[in-house]
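Novice: Supplied in C-alpha cells, the structure appears directly below.
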Amino acid sequence: MPFDLQKLVAERRAEKFDLFDRHLNSQLLRVLKTIGFDADYVSAEGPYLFDGDGNRYLDLLSGFGVFVMGRNHPTVIGALEQVLHGKFPGLVQLDVSLLAGLLAERLAARMPGLDKLFFCNSGAEAVEAAIKFSRTATRRTKIVYCDHAYHGLTYGALSLTGDDLFRTGFDPLVGDCVKIPFNDPEALERVLAAGDVAAFVFEPIQGKGVNIPGDSYLAEARRLCTKHRTLLVADEIQTGMGRTGRFLACEHWGVEPDIALLAKALSGGFVAVGAVAMRKWIFDKVFDRMDRAVVHGSTFSKNDMAMAAGLATLAILEEEKLIERAADMGERLIDGLRQRLGGFEFVKAVRGKGMMIAIEFGPPKSLKLKAAYALMEQANKGLFCQLILVPLFQNHRILAQVAGPNMPVIKLLPPLVIDDEDVAWIETAFEDAVRESHSLGAVWDLGRTLAGQARKSRPGAA
Ligand code: PLP
C-alpha cells in the first residue's frame, strides 16, 4: 500500500499524547497537563491555531518567535511547492546553489556592510559558527557574553547562555567565555581592555526578560569593540527579520555589527535554517585557502527548501509591509496594555519594541495581596505568571508564555500579521485575567496547587 500521511494522521490522532509520553519528553507533557495547555490543535492559519472542536486560539508565542508572517502563509507554501514539484538539483554539494546566492544577495542588501553569508540549520548553529569565525578571524580565543543572555543549547551557544537552569549538569562548557552584566558599558570596557577578546556576543533586546538596553549602550559597545579590535556579534535570531519594527533591532540604535545572526523567522515557519551575515574580511580569514573551502559547513545547509522559504519570507515582509506594521501595531498594543493594566497592583511594567513585548509583575502594596503573591514567589520566582497565563488560555484562548525561568515576566511575540481585532482581543483578555488575579478568587486555588507542586519538585525535596 502506498504511504499516505493524511490517513496515518487521521488514524492515530487520538494517540498524540500517549506516543509523546512513551517515546519523547514526558516532563514537558506533565507541564502541559498541569497547566491545562494540552489542547488538541488540528490546524493553523495566520496568527491562529484551531482545535478539533473548531475553537480559535490567538498564538502569541509564535513557535518561540518563528511565525512573523503567520502560520501556513500561502506565499511560503507556494514557494516550497515549486521546489518540490520543480525537481531542483539540490544538495549536489560539488556545485553551488542559485537559491543560496539569491537569498544571500537579498539579506546582504538589508544589512549594510555585511556582504558575506554563511547558512546553517538553526539558531544555535549560527552561534557556533560565529564563535568559530570570530576566533579564527581575530586569532584570539576569549568570547564575552551577557548575564541573562540566551544563545541556544549546543555547547558553544550554551557557554554563552547566562542562565544556570540551562547550564547545570552539562559541565564542562567551552572555555574562555566571560560573562558581564547586560547594559553595562564600563564592565564591557574593563573586559575588552586586555586586548584578548575575539567577540562580544549580545542580543540587542534580551529574549529572556525582554530587557531593553539604555539609549547609548549599543553605540558605546560598538565604539569599544572597534577600539579594542573585538568583533561585535549581534544575535538577532529572535529580534531580527522585523520583529521589533526594524529589520535588525540594532537599527533602533544606529549600530552596525560585524556579524549578525538570523534564524527563526527566516524559515518561513517551515524549514529549519540559520544565517550568519558578516563583513567580507572575516569570511575571508576563515575560508582563506582552497584546501580550507569546506573548513566549516553542514550537509543540509543551503538546502533548496530552506533557501526558498527564506526568499518567500523576505518577499512577504516587503509585500505586506510587515516591518512597518510591527512598529505601528506594536506601539499601539504596548500603549493599550499600559493603559489597561497600569492601575493594577501586581503589574510593574509593560515594555517592548514592535512585536516583542513584556508584562512584568511584582509584589503588590496592599497587605492581603502581598501574602498571596509571596506564596507564589517563594515556590518559584515566576510562578505568579501562571495565574495570568492559565486563565488567558482557558477563558480567552490566548497562548502566551513566561519570558524565561525564574522571572515574573510574561512575553508576547505575536505574529506581525495581527490586526486591530486581535489587539483588542489581547487587551481585553489581559485586563480580565489581571483583574481576576487581584480578586483572590478561584484562580488562587490553582496558585496554591502550583506552588505546592513547585516546592515538591525542587532538588532535594522529599
Ligand atoms: N539566540 C537567540 C536570541 C534565541 O532566542 C534562540 C532561540 O530561542 C537561539 C539563539 C537558539 O536558536 P535555536 O533554538 O534555533 O537553536
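Here's how to read the names in the C-alpha cells: chain A, B, ... by the order shown, residue numbers from 1 in each chain, ligand numbers from 1 in the order shown.
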Give me the residues near region 438-448 of chain A as a PyMOL selection string, where near means some atom within 10 Å (using only C-alpha atoms) and where sequence neighbours in that chain fewer than 5 positions away do not count.
Specialist: chain A and resi 34-35+344-346+364+368-369+372-373+375-376+379+383-388+390-391+433+453-454
Novice: Emit the selected residues as an mmCIF file, in the first residue's frame, including C-alpha atoms.
Specialist:
```
data_model
loop_
_atom_site.group_PDB
_atom_site.id
_atom_site.type_symbol
_atom_site.label_atom_id
_atom_site.label_comp_id
_atom_site.auth_asym_id
_atom_site.auth_seq_id
_atom_site.Cartn_x
_atom_site.Cartn_y
_atom_site.Cartn_z
ATOM 1 C CA THR A 34 -0.695 20.558 34.852
ATOM 2 C CA ILE A 35 -1.478 23.986 33.451
ATOM 3 C CA PHE A 344 -3.244 47.098 38.851
ATOM 4 C CA GLU A 345 -1.046 46.447 41.876
ATOM 5 C CA PHE A 346 0.616 43.292 40.580
ATOM 6 C CA PRO A 364 1.694 44.443 45.452
ATOM 7 C CA LYS A 368 -3.887 40.961 51.662
ATOM 8 C CA LEU A 369 -2.443 40.648 48.174
ATOM 9 C CA ALA A 372 -0.765 35.658 48.266
ATOM 10 C CA TYR A 373 1.994 36.931 45.980
ATOM 11 C CA LEU A 375 3.290 32.293 48.487
ATOM 12 C CA MET A 376 3.793 32.042 44.732
ATOM 13 C CA ALA A 379 7.672 28.482 45.498
ATOM 14 C CA LEU A 383 5.114 31.224 39.189
ATOM 15 C CA PHE A 384 2.696 34.119 39.626
ATOM 16 C CA CYS A 385 2.611 34.475 35.822
ATOM 17 C CA GLN A 386 0.725 31.196 35.567
ATOM 18 C CA LEU A 387 -2.208 32.846 37.354
ATOM 19 C CA ILE A 388 -2.447 35.118 34.337
ATOM 20 C CA VAL A 390 -3.722 29.852 32.547
ATOM 21 C CA PRO A 391 -6.946 31.956 32.548
ATOM 22 C CA ALA A 433 -7.032 37.896 33.716
ATOM 23 C CA GLN A 453 3.960 21.191 43.146
ATOM 24 C CA ALA A 454 6.813 23.643 42.605
#
```
Novice: Find the residues of chain A that sit at most 9 Å from ligand 1; for each, write down the nearest two atoms and how far apart they are in Å, to one decimal. Count only C-alpha atoms and all ligand atoms. Sort by chain, then by number going up, and give it as a Markdown table.
Specialist:
```
| residue | atom | partner | partner_atom_place_in_ligand_line | distance |
| --- | --- | --- | --- | --- |
| A:Phe64 | CA | ligand 1 | 8 (O) | 6.2 |
| A:Gly65 | CA | ligand 1 | 8 (O) | 7.6 |
| A:Asn121 | CA | ligand 1 | 15 (O) | 7.8 |
| A:Ser122 | CA | ligand 1 | 15 (O) | 4.1 |
| A:Gly123 | CA | ligand 1 | 12 (O) | 3.3 |
| A:Ala124 | CA | ligand 1 | 16 (O) | 3.6 |
| A:Glu125 | CA | ligand 1 | 16 (O) | 6.5 |
| A:Ala126 | CA | ligand 1 | 10 (C) | 7.9 |
| A:Val127 | CA | ligand 1 | 10 (C) | 6.8 |
| A:Ala149 | CA | ligand 1 | 3 (C) | 7.6 |
| A:Tyr150 | CA | ligand 1 | 2 (C) | 5.5 |
| A:His151 | CA | ligand 1 | 1 (N) | 3.7 |
| A:Gly152 | CA | ligand 1 | 11 (C) | 3.7 |
| A:Leu153 | CA | ligand 1 | 16 (O) | 6.6 |
| A:Thr154 | CA | ligand 1 | 16 (O) | 7.6 |
| A:Ala157 | CA | ligand 1 | 10 (C) | 7.5 |
| A:Thr161 | CA | ligand 1 | 1 (N) | 8.9 |
| A:Phe202 | CA | ligand 1 | 3 (C) | 8.3 |
| A:Glu203 | CA | ligand 1 | 3 (C) | 5.9 |
| A:Pro204 | CA | ligand 1 | 3 (C) | 8.9 |
| A:Ile205 | CA | ligand 1 | 3 (C) | 8.6 |
| A:Gln206 | CA | ligand 1 | 3 (C) | 7.0 |
| A:Gly207 | CA | ligand 1 | 5 (O) | 5.8 |
| A:Lys208 | CA | ligand 1 | 5 (O) | 8.1 |
| A:Asp235 | CA | ligand 1 | 3 (C) | 5.5 |
| A:Glu236 | CA | ligand 1 | 3 (C) | 6.0 |
| A:Ile237 | CA | ligand 1 | 2 (C) | 4.9 |
| A:Gln238 | CA | ligand 1 | 5 (O) | 4.6 |
| A:Thr239 | CA | ligand 1 | 3 (C) | 7.2 |
| A:Leu261 | CA | ligand 1 | 1 (N) | 8.1 |
| A:Leu262 | CA | ligand 1 | 1 (N) | 8.4 |
| A:Ala263 | CA | ligand 1 | 15 (O) | 6.2 |
| A:Lys264 | CA | ligand 1 | 15 (O) | 6.1 |
| A:Ala272 | CA | ligand 1 | 15 (O) | 7.6 |
| A:Val273 | CA | ligand 1 | 15 (O) | 7.7 |
| A:Gly274 | CA | ligand 1 | 15 (O) | 7.3 |
```
Novice: At what distance in Å, to one decimal, does CA of Gly268 (chain A) lie from CA of Leu58 (chain A)?
Specialist: 18.6 Å
Novice: Which residues are close to Lys348 (chain A), i.e. within 8 Å by only C-alpha atoms, leaving aside same-chain residues fewer than 3 positions away? Reply as JSON, numbers by chain.
Specialist: {"A": [342, 345, 359, 360, 361, 362]}
Novice: Once you count only C-alpha atoms, what closest atom pair and distance in Å to one decimal does each residue of region 280-378 of chain A within 10 Å of region 66-77 of chain A have, with rows by chain and rising residue number, as a Markdown table?
Specialist:
```
| residue | atom | partner | partner_atom | distance |
| --- | --- | --- | --- | --- |
| A:Met305 | CA | A:Val76 | CA | 9.9 |
| A:Ala308 | CA | A:Val76 | CA | 7.9 |
| A:Ala309 | CA | A:Val76 | CA | 5.7 |
| A:Gly310 | CA | A:Val76 | CA | 8.5 |
| A:Leu311 | CA | A:Val76 | CA | 8.6 |
| A:Ala312 | CA | A:Val76 | CA | 5.3 |
| A:Thr313 | CA | A:Val76 | CA | 6.7 |
| A:Leu314 | CA | A:Met69 | CA | 9.7 |
| A:Ala315 | CA | A:Thr75 | CA | 8.5 |
| A:Ile316 | CA | A:Met69 | CA | 7.1 |
| A:Leu317 | CA | A:Met69 | CA | 7.4 |
| A:Glu320 | CA | A:Met69 | CA | 9.1 |
| A:Leu322 | CA | A:Met69 | CA | 7.8 |
| A:Ile323 | CA | A:Val68 | CA | 9.5 |
| A:Ala326 | CA | A:Val68 | CA | 9.2 |
| A:Met355 | CA | A:Val68 | CA | 9.1 |
```
Novice: I need the helix (DSSP H, G or I) residues of region 230-266 of chain A per DSSP on the backbone, written as a count of residues only.
Specialist: 8
Novice: Which residues, written as JSON, numbers by chain, have at least one atom at most 12 Å from Ala10 (chain A), with only C-alpha atoms counted and residues fewer than 6 positions away on the same chain left out?
Specialist: {"A": [4, 16, 42, 52]}
Novice: Go ahead and write the selection's residues with C-alpha atoms as a PDB file, in the first residue's frame.
Specialist:
```pdb
ATOM      1  CA  ASP A   4      -0.490   8.006   2.973  1.00  0.00           C
ATOM      2  CA  LYS A  16      -0.772  12.059  20.196  1.00  0.00           C
ATOM      3  CA  VAL A  42      -5.719  20.292  14.363  1.00  0.00           C
ATOM      4  CA  GLY A  52     -10.806  19.728  16.967  1.00  0.00           C
TER       5      GLY A  52
END
```
Novice: For a quick check of understanding, using only C-alpha atoms, which of A:Leu192, A:Ala306, A:Val210, A:Val233 has the smallest distance to Gly90 (chain A)?
Specialist: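 Ranked by minimum distance to Gly90 (chain A), first place goes to A:Ala306.
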Novice: State, in Å with one decimal place, the distance from CA of Asp59 (chain A) to CA of Ala400 (chain A).
Specialist: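 Spanning CA of Asp59 (chain A) to CA of Ala400 (chain A) is a straight-line distance of 6.9 Å.
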